[in-house]
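**Q** Got a file for you: entry09.cif, mmCIF, C-alpha atoms.
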```cif
data_work
#
loop_
_atom_site.label_atom_id
_atom_site.label_comp_id
_atom_site.auth_asym_id
_atom_site.auth_seq_id
_atom_site.Cartn_x
_atom_site.Cartn_y
_atom_site.Cartn_z
CA MET A 1 6.14 -55.57 139.00
CA THR A 2 5.53 -54.95 135.32
CA ALA A 3 3.66 -57.34 133.05
CA LEU A 4 6.96 -58.35 131.47
CA GLU A 5 8.50 -59.09 134.86
CA GLU A 6 5.48 -61.18 135.77
CA GLU A 7 5.84 -63.15 132.60
CA LEU A 8 9.57 -63.67 133.13
CA SER A 9 8.93 -64.64 136.77
CA ARG A 10 6.58 -67.37 135.60
CA ILE A 11 9.21 -68.70 133.20
CA ALA A 12 12.05 -68.61 135.72
CA GLY A 13 9.80 -69.98 138.48
CA ALA A 14 8.73 -72.91 136.30
CA VAL A 15 12.33 -74.19 136.08
CA PRO A 16 12.46 -77.57 137.86
CA ASP A 17 14.66 -78.05 140.91
CA PRO A 18 17.80 -79.93 139.78
CA GLU A 19 17.69 -82.37 142.70
CA LEU A 20 13.92 -82.69 143.15
CA PRO A 21 12.69 -82.30 139.58
CA VAL A 22 9.04 -82.75 140.59
CA LEU A 23 9.19 -79.32 142.20
CA THR A 24 9.55 -76.02 140.42
CA LEU A 25 11.77 -73.32 141.91
CA GLU A 26 8.61 -71.31 142.58
CA GLU A 27 7.05 -74.18 144.56
CA LEU A 28 10.30 -74.69 146.47
CA GLY A 29 10.12 -71.04 147.46
CA VAL A 30 13.66 -70.07 146.47
CA MET A 31 12.73 -67.39 143.89
CA ARG A 32 13.05 -63.95 145.41
CA GLY A 33 12.46 -61.65 142.44
CA VAL A 34 12.84 -60.90 138.75
CA HIS A 35 13.77 -57.38 137.69
CA VAL A 36 14.20 -55.95 134.24
CA THR A 37 17.25 -53.72 134.70
CA GLY A 38 17.53 -52.48 131.12
CA PRO A 39 16.59 -53.35 127.56
CA GLY A 40 17.24 -57.08 127.20
CA ARG A 41 18.74 -57.24 130.70
CA VAL A 42 17.17 -59.20 133.55
CA GLU A 43 18.32 -59.83 137.09
CA VAL A 44 16.92 -62.79 139.00
CA THR A 45 17.37 -63.08 142.77
CA LEU A 46 17.51 -66.54 144.25
CA THR A 47 18.07 -67.83 147.78
CA PRO A 48 19.73 -71.17 148.60
CA THR A 49 17.95 -73.78 150.72
CA TYR A 50 21.15 -74.56 152.62
CA THR A 51 24.20 -72.27 152.63
CA GLY A 52 26.32 -74.97 151.02
CA CYS A 53 23.67 -76.33 148.66
CA PRO A 54 25.55 -77.29 145.50
CA ALA A 55 22.32 -77.18 143.46
CA ILE A 56 22.32 -73.39 143.47
CA GLU A 57 24.80 -73.25 140.58
CA ALA A 58 22.70 -75.63 138.48
CA MET A 59 19.59 -73.58 139.34
CA SER A 60 21.30 -70.40 138.20
CA SER A 61 22.38 -71.82 134.86
CA ASP A 62 18.95 -73.43 134.28
CA ILE A 63 17.27 -70.07 134.89
CA GLU A 64 19.71 -68.39 132.51
CA SER A 65 18.98 -70.97 129.79
CA ALA A 66 15.21 -70.66 130.28
CA LEU A 67 15.29 -66.88 129.97
CA HIS A 68 17.74 -66.94 127.06
CA ALA A 69 15.36 -69.31 125.28
CA HIS A 70 12.62 -66.76 125.89
CA GLY A 71 14.66 -64.10 124.12
CA VAL A 72 16.36 -62.33 127.03
CA PRO A 73 19.99 -61.90 125.94
CA GLU A 74 21.47 -60.85 129.27
CA VAL A 75 20.54 -62.68 132.46
CA SER A 76 22.28 -62.36 135.79
CA VAL A 77 21.33 -64.51 138.77
CA VAL A 78 22.13 -63.05 142.18
CA THR A 79 22.11 -65.15 145.34
CA VAL A 80 20.83 -63.59 148.55
CA LEU A 81 20.92 -65.11 152.04
CA THR A 82 18.49 -62.83 153.85
CA PRO A 83 15.80 -63.39 154.81
CA ALA A 84 16.85 -67.01 155.23
CA TRP A 85 14.89 -69.65 153.36
CA SER A 86 12.67 -71.88 155.45
CA THR A 87 10.83 -75.09 154.65
CA ASP A 88 7.68 -73.08 155.42
CA ASP A 89 8.38 -71.37 152.06
CA ILE A 90 7.51 -74.59 150.19
CA SER A 91 4.04 -74.15 148.71
CA GLU A 92 1.05 -76.41 149.41
CA GLU A 93 1.29 -77.69 145.86
CA GLY A 94 5.00 -78.35 146.42
CA ARG A 95 4.25 -80.38 149.55
CA ARG A 96 1.67 -82.43 147.70
CA LYS A 97 4.15 -83.18 144.91
CA LEU A 98 6.87 -84.18 147.39
CA THR A 99 4.55 -86.76 148.94
CA GLU A 100 3.64 -88.05 145.51
CA PHE A 101 7.35 -88.35 144.75
CA GLY A 102 7.86 -90.50 147.87
CA ILE A 103 9.32 -87.80 150.12
CA ALA A 104 7.57 -86.87 153.36
CA PRO A 105 7.11 -83.09 153.29
CA PRO A 106 8.46 -80.88 156.08
CA ARG A 107 6.15 -80.14 158.98
CA PRO A 108 5.12 -76.55 159.51
CA GLN A 109 7.21 -74.88 162.20
CA GLY A 110 7.43 -71.80 164.32
CA PRO A 111 9.73 -68.84 163.70
CA ALA A 112 12.64 -70.37 165.68
CA GLY A 113 13.62 -72.96 163.06
CA GLY A 114 15.83 -75.97 163.64
CA PRO A 115 14.86 -79.49 164.64
CA VAL A 116 11.15 -79.90 165.37
CA PRO A 117 10.25 -81.85 168.51
CA LEU A 118 8.64 -85.14 167.61
CA THR A 119 5.14 -84.10 168.57
CA LEU A 120 3.84 -83.99 165.03
CA ALA A 121 4.06 -87.41 163.43
CA ILE A 122 5.78 -87.85 160.08
CA ARG A 123 3.57 -89.76 157.70
CA CYS A 124 4.91 -92.51 155.42
CA PRO A 125 4.52 -91.25 151.83
CA HIS A 126 3.94 -94.81 150.63
CA CYS A 127 1.23 -96.23 152.90
CA GLY A 128 0.19 -93.20 154.94
CA SER A 129 1.02 -94.69 158.34
CA THR A 130 2.25 -92.28 161.00
CA ASP A 131 4.19 -95.10 162.62
CA THR A 132 7.65 -94.19 161.28
CA GLU A 133 11.14 -94.14 162.77
CA LEU A 134 14.29 -92.14 162.15
CA LEU A 135 17.21 -94.04 160.60
CA SER A 136 19.59 -91.13 160.02
CA ARG A 137 19.39 -87.38 160.49
CA PHE A 138 21.12 -86.78 157.17
CA SER A 139 20.16 -88.56 153.98
CA SER A 140 20.82 -88.24 150.24
CA THR A 141 21.14 -84.47 150.65
CA ALA A 142 21.58 -82.17 153.64
CA CYS A 143 17.91 -81.17 153.44
CA LYS A 144 16.58 -84.68 153.99
CA ALA A 145 16.55 -87.25 156.80
CA LEU A 146 16.23 -90.99 156.25
CA ARG A 147 13.27 -92.71 157.90
CA ARG A 148 11.57 -96.08 157.80
CA CYS A 149 7.89 -96.89 158.01
CA THR A 150 7.27 -99.52 160.68
CA ALA A 151 3.94 -100.45 159.05
CA CYS A 152 4.99 -101.13 155.44
CA ARG A 153 8.75 -101.39 156.20
CA GLU A 154 9.68 -99.10 153.32
CA PRO A 155 12.49 -96.59 153.89
CA PHE A 156 11.79 -93.04 152.75
CA ASP A 157 13.28 -89.55 152.76
CA HIS A 158 11.81 -86.82 154.92
CA PHE A 159 12.37 -83.19 153.96
CA LYS A 160 13.70 -81.82 157.25
CA GLU A 161 12.24 -78.69 158.76
CA LEU A 162 14.61 -75.73 158.42
CA MET B 1 35.21 -73.21 143.22
CA SER B 2 33.13 -70.40 141.88
CA THR B 3 30.93 -68.71 144.36
CA PRO B 4 27.47 -67.29 143.88
CA ASP B 5 27.28 -63.55 144.25
CA THR B 6 26.26 -62.96 147.84
CA SER B 7 25.78 -59.25 147.57
CA GLY B 8 22.70 -59.50 149.79
CA SER B 9 24.91 -60.16 152.80
CA ALA B 10 27.90 -58.05 151.84
CA THR B 11 27.47 -55.05 154.07
CA ALA B 12 30.09 -52.40 154.50
CA ALA B 13 33.01 -52.69 156.88
CA VAL B 14 33.29 -56.39 157.48
CA PRO B 15 35.92 -56.95 160.19
CA VAL B 16 38.50 -59.11 158.42
CA GLY B 17 39.91 -60.88 161.48
CA ALA B 18 36.47 -61.92 162.68
CA ALA B 19 35.40 -63.08 159.22
CA LEU B 20 38.54 -65.20 158.91
CA ALA B 21 38.07 -66.67 162.39
CA LEU B 22 34.53 -67.80 161.56
CA ALA B 23 35.42 -68.87 158.03
CA ASP B 24 38.53 -70.83 158.98
CA ASP B 25 36.74 -72.71 161.76
CA ALA B 26 34.13 -73.81 159.23
CA LEU B 27 36.59 -74.53 156.41
CA VAL B 28 39.04 -76.57 158.48
CA LEU B 29 36.36 -78.62 160.23
CA SER B 30 34.70 -79.21 156.87
CA HIS B 31 37.95 -80.64 155.53
CA ARG B 32 38.46 -82.85 158.58
CA LEU B 33 34.91 -84.24 158.30
CA GLY B 34 35.44 -84.83 154.60
CA GLU B 35 38.34 -87.13 155.50
CA TRP B 36 35.75 -89.63 156.73
CA ALA B 37 34.50 -90.15 153.18
CA GLY B 38 35.11 -93.79 152.37
CA SER B 39 35.96 -94.81 155.93
CA ALA B 40 33.04 -93.95 158.22
CA PRO B 41 31.74 -96.81 160.41
CA VAL B 42 28.40 -97.08 158.59
CA LEU B 43 27.03 -95.70 155.35
CA GLU B 44 24.49 -93.45 157.08
CA GLU B 45 27.27 -91.77 159.03
CA GLU B 46 29.39 -91.35 155.95
CA VAL B 47 26.51 -89.43 154.41
CA ALA B 48 25.76 -87.50 157.59
CA LEU B 49 29.36 -86.34 158.09
CA ALA B 50 29.64 -85.35 154.42
CA ASN B 51 26.42 -83.34 154.70
CA ILE B 52 27.67 -81.54 157.80
CA ALA B 53 30.95 -80.86 156.00
CA LEU B 54 29.02 -79.42 153.06
CA ASP B 55 27.04 -77.05 155.29
CA LEU B 56 30.29 -75.84 156.86
CA LEU B 57 31.95 -75.42 153.47
CA GLY B 58 29.01 -73.31 152.30
CA GLN B 59 29.34 -71.09 155.37
CA ALA B 60 33.10 -70.78 154.84
CA ARG B 61 32.63 -69.77 151.21
CA VAL B 62 30.21 -66.99 152.08
CA LEU B 63 32.46 -65.70 154.86
CA LEU B 64 35.67 -65.82 152.82
CA SER B 65 33.96 -64.07 149.92
CA LEU B 66 33.07 -61.20 152.25
CA VAL B 67 36.75 -60.36 152.68
CA GLY B 68 38.49 -61.53 149.51
CA ASP B 69 38.83 -64.20 146.87
CA GLU B 70 37.69 -67.47 148.41
CA ASP B 71 40.09 -69.68 146.45
CA GLU B 72 43.11 -67.55 147.25
CA LEU B 73 42.19 -67.40 150.90
CA ALA B 74 41.50 -71.12 151.20
CA TYR B 75 44.34 -72.47 149.08
CA LEU B 76 47.15 -69.96 149.10
CA ARG B 77 47.46 -68.82 152.70
CA GLU B 78 50.25 -70.25 154.84
CA GLU B 79 49.56 -72.06 158.08
CA ARG B 80 50.29 -69.02 160.25
CA SER B 81 47.64 -66.98 158.46
CA PHE B 82 44.78 -69.30 159.40
CA ARG B 83 42.66 -68.04 162.27
CA ASN B 84 40.76 -71.20 163.20
CA VAL B 85 40.71 -72.54 166.73
CA GLN B 86 42.93 -75.55 167.32
CA LEU B 87 39.93 -77.72 168.22
CA VAL B 88 38.73 -77.98 164.61
CA GLU B 89 42.13 -78.94 163.22
CA GLN B 90 42.55 -81.92 165.56
CA PRO B 91 42.73 -85.20 163.63
CA ASN B 92 39.55 -87.26 163.41
CA GLY B 93 40.84 -90.01 165.70
CA ASP B 94 38.29 -92.75 166.23
CA PHE B 95 34.59 -92.07 165.69
CA ALA B 96 34.21 -91.04 169.35
CA HIS B 97 36.86 -88.34 168.92
CA THR B 98 35.04 -86.98 165.90
CA ILE B 99 31.77 -86.93 167.83
CA ALA B 100 33.35 -85.24 170.86
CA ARG B 101 34.85 -82.59 168.57
CA GLN B 102 31.43 -82.17 166.93
CA LEU B 103 29.69 -81.82 170.29
CA TYR B 104 32.14 -79.21 171.56
CA PHE B 105 32.28 -77.23 168.34
CA SER B 106 28.67 -77.36 167.17
CA THR B 107 27.43 -76.35 170.63
CA TYR B 108 29.75 -73.34 170.49
CA GLN B 109 28.88 -72.47 166.89
CA HIS B 110 25.15 -72.79 167.54
CA LEU B 111 25.28 -70.46 170.55
CA LEU B 112 27.53 -68.00 168.70
CA TYR B 113 25.44 -67.87 165.52
CA ALA B 114 22.23 -67.48 167.51
CA ARG B 115 23.74 -64.40 169.15
CA LEU B 116 25.10 -63.00 165.87
CA ALA B 117 21.75 -63.64 164.15
CA SER B 118 19.88 -61.58 166.72
CA GLY B 119 22.08 -58.52 166.14
CA ASP B 120 22.46 -56.34 163.07
CA GLY B 121 26.19 -56.76 162.50
CA PRO B 122 27.86 -57.81 159.24
CA PHE B 123 27.40 -61.53 160.02
CA ALA B 124 23.72 -61.41 161.01
CA GLY B 125 22.41 -62.58 157.62
CA LEU B 126 24.70 -65.58 157.34
CA ALA B 127 24.27 -66.44 161.03
CA ALA B 128 20.47 -66.40 160.76
CA LYS B 129 20.70 -68.95 158.00
CA ALA B 130 23.55 -71.06 159.38
CA VAL B 131 22.14 -71.29 162.91
CA LYS B 132 19.34 -73.49 161.57
CA GLU B 133 21.82 -75.81 159.85
CA VAL B 134 24.09 -76.00 162.86
CA ALA B 135 21.11 -76.93 165.05
CA TYR B 136 21.06 -80.23 163.14
CA HIS B 137 24.82 -80.70 163.58
CA ARG B 138 24.44 -80.22 167.32
CA ASP B 139 21.46 -82.56 167.42
CA HIS B 140 23.48 -85.19 165.55
CA ALA B 141 26.45 -84.85 167.95
CA GLU B 142 24.19 -84.95 171.00
CA HIS B 143 22.45 -88.15 169.94
CA TRP B 144 25.73 -89.90 169.17
CA THR B 145 27.21 -88.76 172.47
CA LEU B 146 24.22 -90.27 174.29
CA ARG B 147 24.42 -93.46 172.29
CA LEU B 148 28.16 -93.96 172.76
CA GLY B 149 28.39 -92.70 176.34
CA ASP B 150 25.40 -94.69 177.52
CA GLY B 151 26.15 -97.68 175.26
CA THR B 152 28.51 -100.59 175.83
CA PRO B 153 31.48 -100.49 178.24
CA GLU B 154 33.73 -100.18 175.19
CA SER B 155 31.84 -97.27 173.64
CA HIS B 156 31.58 -95.55 177.04
CA GLU B 157 35.31 -95.87 177.59
CA ARG B 158 36.17 -94.54 174.14
CA MET B 159 33.72 -91.64 174.33
CA SER B 160 35.03 -90.75 177.76
CA ARG B 161 38.63 -90.79 176.51
CA ALA B 162 37.70 -88.60 173.53
CA CYS B 163 35.92 -86.01 175.66
CA GLU B 164 38.95 -85.85 177.99
CA ALA B 165 41.46 -85.59 175.15
CA LEU B 166 39.76 -82.65 173.43
CA TRP B 167 38.79 -80.76 176.58
CA ARG B 168 42.04 -78.78 176.61
CA TYR B 169 41.10 -77.19 173.28
CA THR B 170 37.76 -75.83 174.44
CA GLY B 171 38.98 -72.80 176.41
CA GLU B 172 40.17 -71.16 173.24
CA LEU B 173 36.65 -71.00 171.82
CA PHE B 174 35.83 -68.18 174.21
CA GLN B 175 38.75 -65.85 173.65
CA PRO B 176 37.29 -62.55 172.49
CA VAL B 177 37.62 -61.99 168.75
CA GLU B 178 38.01 -58.43 167.54
CA GLY B 179 35.00 -57.45 165.47
CA LEU B 180 32.67 -60.07 166.95
CA ASP B 181 30.17 -58.21 169.05
CA VAL B 182 29.47 -61.05 171.47
CA ASP B 183 29.73 -61.44 175.23
CA HIS B 184 32.25 -64.29 175.27
CA ALA B 185 31.94 -64.89 179.02
CA ALA B 186 28.19 -65.40 178.71
CA LEU B 187 28.78 -67.60 175.69
CA GLU B 188 31.17 -69.72 177.72
CA SER B 189 28.82 -70.27 180.62
CA ALA B 190 25.97 -71.18 178.24
CA TRP B 191 28.33 -73.61 176.50
CA LEU B 192 29.48 -75.23 179.74
CA GLU B 193 25.91 -75.68 180.86
CA SER B 194 24.81 -77.22 177.57
CA VAL B 195 27.78 -79.57 177.23
CA ALA B 196 27.59 -80.66 180.89
CA ASP B 197 23.89 -81.45 180.40
CA VAL B 198 24.58 -83.71 177.40
CA LEU B 199 27.55 -85.42 179.07
CA GLY B 200 25.48 -86.01 182.20
CA ARG B 201 22.68 -87.66 180.27
CA ALA B 202 25.28 -89.73 178.43
CA THR B 203 26.61 -91.00 181.81
CA LEU B 204 29.91 -89.29 181.08
CA ALA B 205 31.83 -87.16 183.55
CA VAL B 206 32.56 -83.54 182.69
CA PRO B 207 36.36 -83.62 182.15
CA SER B 208 38.27 -82.10 185.03
CA GLY B 209 41.47 -81.09 183.25
CA PRO B 210 42.46 -77.58 182.24
CA ARG B 211 40.65 -76.05 179.27
CA THR B 212 43.78 -74.34 177.98
CA GLY B 213 47.49 -74.96 178.47
CA ALA B 214 50.51 -72.70 178.76
CA TRP B 215 51.93 -74.37 175.68
CA SER B 216 49.00 -73.16 173.62
CA ALA B 217 49.22 -69.51 174.64
CA GLY B 218 48.32 -67.43 171.62
CA ALA B 219 46.78 -70.42 169.93
CA GLY B 220 44.85 -70.75 166.72
CA ARG B 221 43.16 -67.37 166.57
CA GLN B 222 46.64 -65.82 166.53
CA GLY B 223 47.87 -68.20 163.84
CA LEU B 224 49.61 -70.71 166.11
CA HIS B 225 48.54 -74.22 165.23
CA THR B 226 49.18 -77.77 166.34
CA GLU B 227 51.43 -80.09 164.39
CA PRO B 228 48.74 -82.06 162.50
CA PHE B 229 47.38 -78.85 160.94
CA GLY B 230 50.34 -78.36 158.61
CA ARG B 231 49.89 -81.82 157.15
CA MET B 232 46.17 -81.30 156.74
CA LEU B 233 46.75 -78.01 154.98
CA ALA B 234 49.35 -79.57 152.66
CA GLU B 235 46.78 -82.09 151.53
CA MET B 236 43.99 -79.54 151.25
CA GLN B 237 46.05 -77.06 149.23
CA HIS B 238 48.30 -79.26 147.17
CA LEU B 239 46.06 -79.66 144.11
CA HIS B 240 45.41 -75.94 143.78
CA ARG B 241 49.07 -75.10 144.29
CA SER B 242 50.33 -77.77 141.85
CA HIS B 243 47.76 -76.95 139.17
CA PRO B 244 46.85 -73.27 139.50
CA GLY B 245 43.48 -72.53 137.94
CA ALA B 246 42.57 -76.20 137.53
CA SER B 247 38.86 -76.83 137.17
CA TRP B 248 36.48 -79.57 136.13
#
```
Do you think you could lay out the structure here as structure tokens?

**A**
Amino acid sequence: MTALEEELSRIAGAVPDPELPVLTLEELGVMRGVHVTGPGRVEVTLTPTYTGCPAIEAMSSDIESALHAHGVPEVSVVTVLTPAWSTDDISEEGRRKLTEFGIAPPRPQGPAGGPVPLTLAIRCPHCGSTDTELLSRFSSTACKALRRCTACREPFDHFKEL
Amino acid sequence: MSTPDTSGSATAAVPVGAALALADDALVLSHRLGEWAGSAPVLEEEVALANIALDLLGQARVLLSLVGDEDELAYLREERSFRNVQLVEQPNGDFAHTIARQLYFSTYQHLLYARLASGDGPFAGLAAKAVKEVAYHRDHAEHWTLRLGDGTPESHERMSRACEALWRYTGELFQPVEGLDVDHAALESAWLESVADVLGRATLAVPSGPRTGAWSAGAGRQGLHTEPFGRMLAEMQHLHRSHPGASW
């Protein structure tokens, strides 16, 4: 990666996620690469969290705007599916910010993916209690489940392991 | 719809029939689940069914884009050109029918995608991603099956009726599809085992009726569909056909 590509990666990676604006795309782990393909021409590769995630189009146009504003006239954003994104790709800093935002971060998981057996407790992002219960497997977006803390009674979103 | 460029998964020589079979299953079921919007029994389920529909729509878009223009394929094909199994086009019925359809289909789709993901065929990339999403659909269907089957006499009766009614559409899931490099017989026995396990824990009997019928010979994969499908398609396609190129 050239110095220019590193610089452009930082700019594209600093774009906030459209649905979880506390996280940057870099922290979410969806940035796959930034390549200068010619003078004034940049290609950004991005991977969706979920196959049907509608935020991917907003992400693409936000990246284009950010790079245009930095003086890159031609930006193309390419979506790739492989290797598939996993919640393990969310950075430590990203997990910390999710908790701060009131969303329980995903638990680390093995290579198999899918639902995680309830051996690791999910901590309430409000009061810190591990005494929480599932209300619904799908919440405000496909990537979150709705839970309730039985200690402080507050409902909260949990970023599901994928 | 405008689709993201999925060049990462667009490998050479995608078998068209297989891509359409997978895509149409996902597209049609997505539309059926979307019909619950505004009328699901509780708000959480409304959101859950819409989220499952969205996952399926995303999968359909990727698959259709592998073999053509997604909008043309979704909105301008006639009924006989759709390759989905008849199970996914069945009307929602009551909530138990929707859950039974979800249990039968998501169990199949999960097993199928897991097999496709482990190979290196043209669908491996999508399958590796989608299998993780479908695991949640299956989990959702399983928990509702347990709750309804092992719930009140009313919910047990309705869940039992739904499982019986849709059973005849499950044989079709395991007809070999050209271009899908999968052992369909092994898939079928894994499916039967998994579904029987869930039904057993839900205090429901495994339906005893036939899993196909002479009347359905040929069936969805060959473009033969049940009566409700035409009406569903009319609703799904009418906006695009009446206002070509409409967008917002």

**Q** List as JSON lines every residue of chain B that is in contact with chain A, defined as an atom at most 10 Å from one of its atoms (using all atoms listed in the file), together with the nearest atom pair and the distance in Å rounded to one decimal, sorted by chain and then rising number.

**A**
```
{"residue": "B:Ser2", "atom": "CA", "partner": "A:Glu57", "partner_atom": "CA", "distance": 8.9}
{"residue": "B:Thr3", "atom": "CA", "partner": "A:Glu57", "partner_atom": "CA", "distance": 8.5}
{"residue": "B:Pro4", "atom": "CA", "partner": "A:Thr79", "partner_atom": "CA", "distance": 6.0}
{"residue": "B:Asp5", "atom": "CA", "partner": "A:Thr79", "partner_atom": "CA", "distance": 5.5}
{"residue": "B:Thr6", "atom": "CA", "partner": "A:Thr79", "partner_atom": "CA", "distance": 5.3}
{"residue": "B:Ser7", "atom": "CA", "partner": "A:Val80", "partner_atom": "CA", "distance": 6.7}
{"residue": "B:Gly8", "atom": "CA", "partner": "A:Val80", "partner_atom": "CA", "distance": 4.7}
{"residue": "B:Ser9", "atom": "CA", "partner": "A:Leu81", "partner_atom": "CA", "distance": 6.4}
{"residue": "B:Ala10", "atom": "CA", "partner": "A:Val80", "partner_atom": "CA", "distance": 9.6}
{"residue": "B:Leu43", "atom": "CA", "partner": "A:Ser136", "partner_atom": "CA", "distance": 9.9}
{"residue": "B:Glu44", "atom": "CA", "partner": "A:Ser136", "partner_atom": "CA", "distance": 6.2}
{"residue": "B:Glu45", "atom": "CA", "partner": "A:Ser136", "partner_atom": "CA", "distance": 7.8}
{"residue": "B:Glu46", "atom": "CA", "partner": "A:Phe138", "partner_atom": "CA", "distance": 9.5}
{"residue": "B:Val47", "atom": "CA", "partner": "A:Ser139", "partner_atom": "CA", "distance": 6.4}
{"residue": "B:Ala48", "atom": "CA", "partner": "A:Phe138", "partner_atom": "CA", "distance": 4.7}
{"residue": "B:Leu49", "atom": "CA", "partner": "A:Phe138", "partner_atom": "CA", "distance": 8.3}
{"residue": "B:Ala50", "atom": "CA", "partner": "A:Ala142", "partner_atom": "CA", "distance": 8.7}
{"residue": "B:Asn51", "atom": "CA", "partner": "A:Ala142", "partner_atom": "CA", "distance": 5.1}
{"residue": "B:Ile52", "atom": "CA", "partner": "A:Ala142", "partner_atom": "CA", "distance": 7.4}
{"residue": "B:Ala53", "atom": "CA", "partner": "A:Gly52", "partner_atom": "CA", "distance": 9.0}
{"residue": "B:Leu54", "atom": "CA", "partner": "A:Gly52", "partner_atom": "CA", "distance": 5.6}
{"residue": "B:Asp55", "atom": "CA", "partner": "A:Gly52", "partner_atom": "CA", "distance": 4.8}
{"residue": "B:Leu56", "atom": "CA", "partner": "A:Gly52", "partner_atom": "CA", "distance": 7.1}
{"residue": "B:Leu57", "atom": "CA", "partner": "A:Gly52", "partner_atom": "CA", "distance": 6.2}
{"residue": "B:Gly58", "atom": "CA", "partner": "A:Gly52", "partner_atom": "CA", "distance": 3.4}
{"residue": "B:Gln59", "atom": "CA", "partner": "A:Thr51", "partner_atom": "CA", "distance": 5.9}
{"residue": "B:Ala60", "atom": "CA", "partner": "A:Gly52", "partner_atom": "CA", "distance": 8.8}
{"residue": "B:Arg61", "atom": "CA", "partner": "A:Gly52", "partner_atom": "CA", "distance": 8.2}
{"residue": "B:Val62", "atom": "CA", "partner": "A:Thr51", "partner_atom": "CA", "distance": 8.0}
{"residue": "B:Ala124", "atom": "CA", "partner": "A:Thr82", "partner_atom": "CA", "distance": 9.0}
{"residue": "B:Gly125", "atom": "CA", "partner": "A:Thr82", "partner_atom": "CA", "distance": 5.4}
{"residue": "B:Leu126", "atom": "CA", "partner": "A:Leu81", "partner_atom": "CA", "distance": 6.5}
{"residue": "B:Ala127", "atom": "CA", "partner": "A:Ala84", "partner_atom": "CA", "distance": 9.4}
{"residue": "B:Ala128", "atom": "CA", "partner": "A:Ala84", "partner_atom": "CA", "distance": 6.6}
{"residue": "B:Lys129", "atom": "CA", "partner": "A:Ala84", "partner_atom": "CA", "distance": 5.1}
{"residue": "B:Ala130", "atom": "CA", "partner": "A:Thr51", "partner_atom": "CA", "distance": 6.9}
{"residue": "B:Val131", "atom": "CA", "partner": "A:Gly114", "partner_atom": "CA", "distance": 7.9}
{"residue": "B:Lys132", "atom": "CA", "partner": "A:Gly114", "partner_atom": "CA", "distance": 4.8}
{"residue": "B:Glu133", "atom": "CA", "partner": "A:Gly114", "partner_atom": "CA", "distance": 7.1}
{"residue": "B:Val134", "atom": "CA", "partner": "A:Gly114", "partner_atom": "CA", "distance": 8.3}
{"residue": "B:Ala135", "atom": "CA", "partner": "A:Gly114", "partner_atom": "CA", "distance": 5.5}
{"residue": "B:Tyr136", "atom": "CA", "partner": "A:Pro115", "partner_atom": "CA", "distance": 6.4}
{"residue": "B:His137", "atom": "CA", "partner": "A:Arg137", "partner_atom": "CA", "distance": 9.1}
{"residue": "B:Arg138", "atom": "CA", "partner": "A:Pro115", "partner_atom": "CA", "distance": 10.0}
{"residue": "B:Asp139", "atom": "CA", "partner": "A:Pro115", "partner_atom": "CA", "distance": 7.8}
{"residue": "B:His140", "atom": "CA", "partner": "A:Arg137", "partner_atom": "CA", "distance": 6.9}
{"residue": "B:His143", "atom": "CA", "partner": "A:Arg137", "partner_atom": "CA", "distance": 10.0}
```

**Q** Where does the PyMOL selection byres ((chain B and resi 19-26) around 6) land in this file, that is, which residues does it pick, as a PDB file with C-alpha atoms, in the coordinates of the input?

**A**
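Saved to part08.pdb:
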```pdb
ATOM      1  CA  VAL B  16      38.500 -59.110 158.420  1.00  0.00           C
ATOM      2  CA  GLY B  17      39.910 -60.880 161.480  1.00  0.00           C
ATOM      3  CA  ALA B  18      36.470 -61.920 162.680  1.00  0.00           C
ATOM      4  CA  LEU B  27      36.590 -74.530 156.410  1.00  0.00           C
ATOM      5  CA  VAL B  28      39.040 -76.570 158.480  1.00  0.00           C
ATOM      6  CA  LEU B  29      36.360 -78.620 160.230  1.00  0.00           C
ATOM      7  CA  SER B  30      34.700 -79.210 156.870  1.00  0.00           C
ATOM      8  CA  LEU B  56      30.290 -75.840 156.860  1.00  0.00           C
ATOM      9  CA  ALA B  60      33.100 -70.780 154.840  1.00  0.00           C
ATOM     10  CA  LEU B  63      32.460 -65.700 154.860  1.00  0.00           C
ATOM     11  CA  ARG B  83      42.660 -68.040 162.270  1.00  0.00           C
ATOM     12  CA  ASN B  84      40.760 -71.200 163.200  1.00  0.00           C
TER      13      ASN B  84
END
```

**Q** Run the PyMOL selection byres ((chain B and resi 183-194) around 8) on the file and write out the hits as a list in words.

**A**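 The output of the PyMOL selection byres ((chain B and resi 183-194) around 8) on this file is Thr107, Tyr108, Leu111, Leu112, Phe174, Gln175, Pro176, Asp181, Val182, Val195, Ala196, Asp197 and Val198 of chain B.
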
**Q** Which residues come within 10 Å of Val75 (chain A), counting all atoms listed in the file, excluding same-chain residues fewer than 6 positions away, as a list in words?

**A**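 Listing them by chain and then by number gives Val36, Thr37, Gly40, Arg41, Val42, Glu43, Val44, Ser60, Ser61, Ile63, Glu64, Ser65, Ala66, Leu67 and His68 of chain A.
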
**Q** Which residue, A:Asp88, A:His70, A:Ala55, A:Lys97, has the smallest gap to Thr24 (chain A) when you use all atoms listed in the file?

**A** A:Lys97

**Q** Grab the CA of Asp69 (chain B) to CA of His240 (chain B) distance for me, in Å with one decimal place.

**A**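 It comes out at 13.8 Å.
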
**Q** For Gln86 (chain B), which residue out of B:Glu178, B:Glu172, B:Glu157, B:Glu235 is the nearest one, using all atoms listed in the file?

**A**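 Residue with the minimum atom-to-atom distance to Gln86 (chain B): B:Glu172.
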
**Q** Taking the file as I've supplied it (selection: the PyMOL selection byres ((chain A and resi 154) around 10)), which residues are included? Please answer as a ChimeraX atom specification.

**A** /A:124-127,132,147-153,155-156
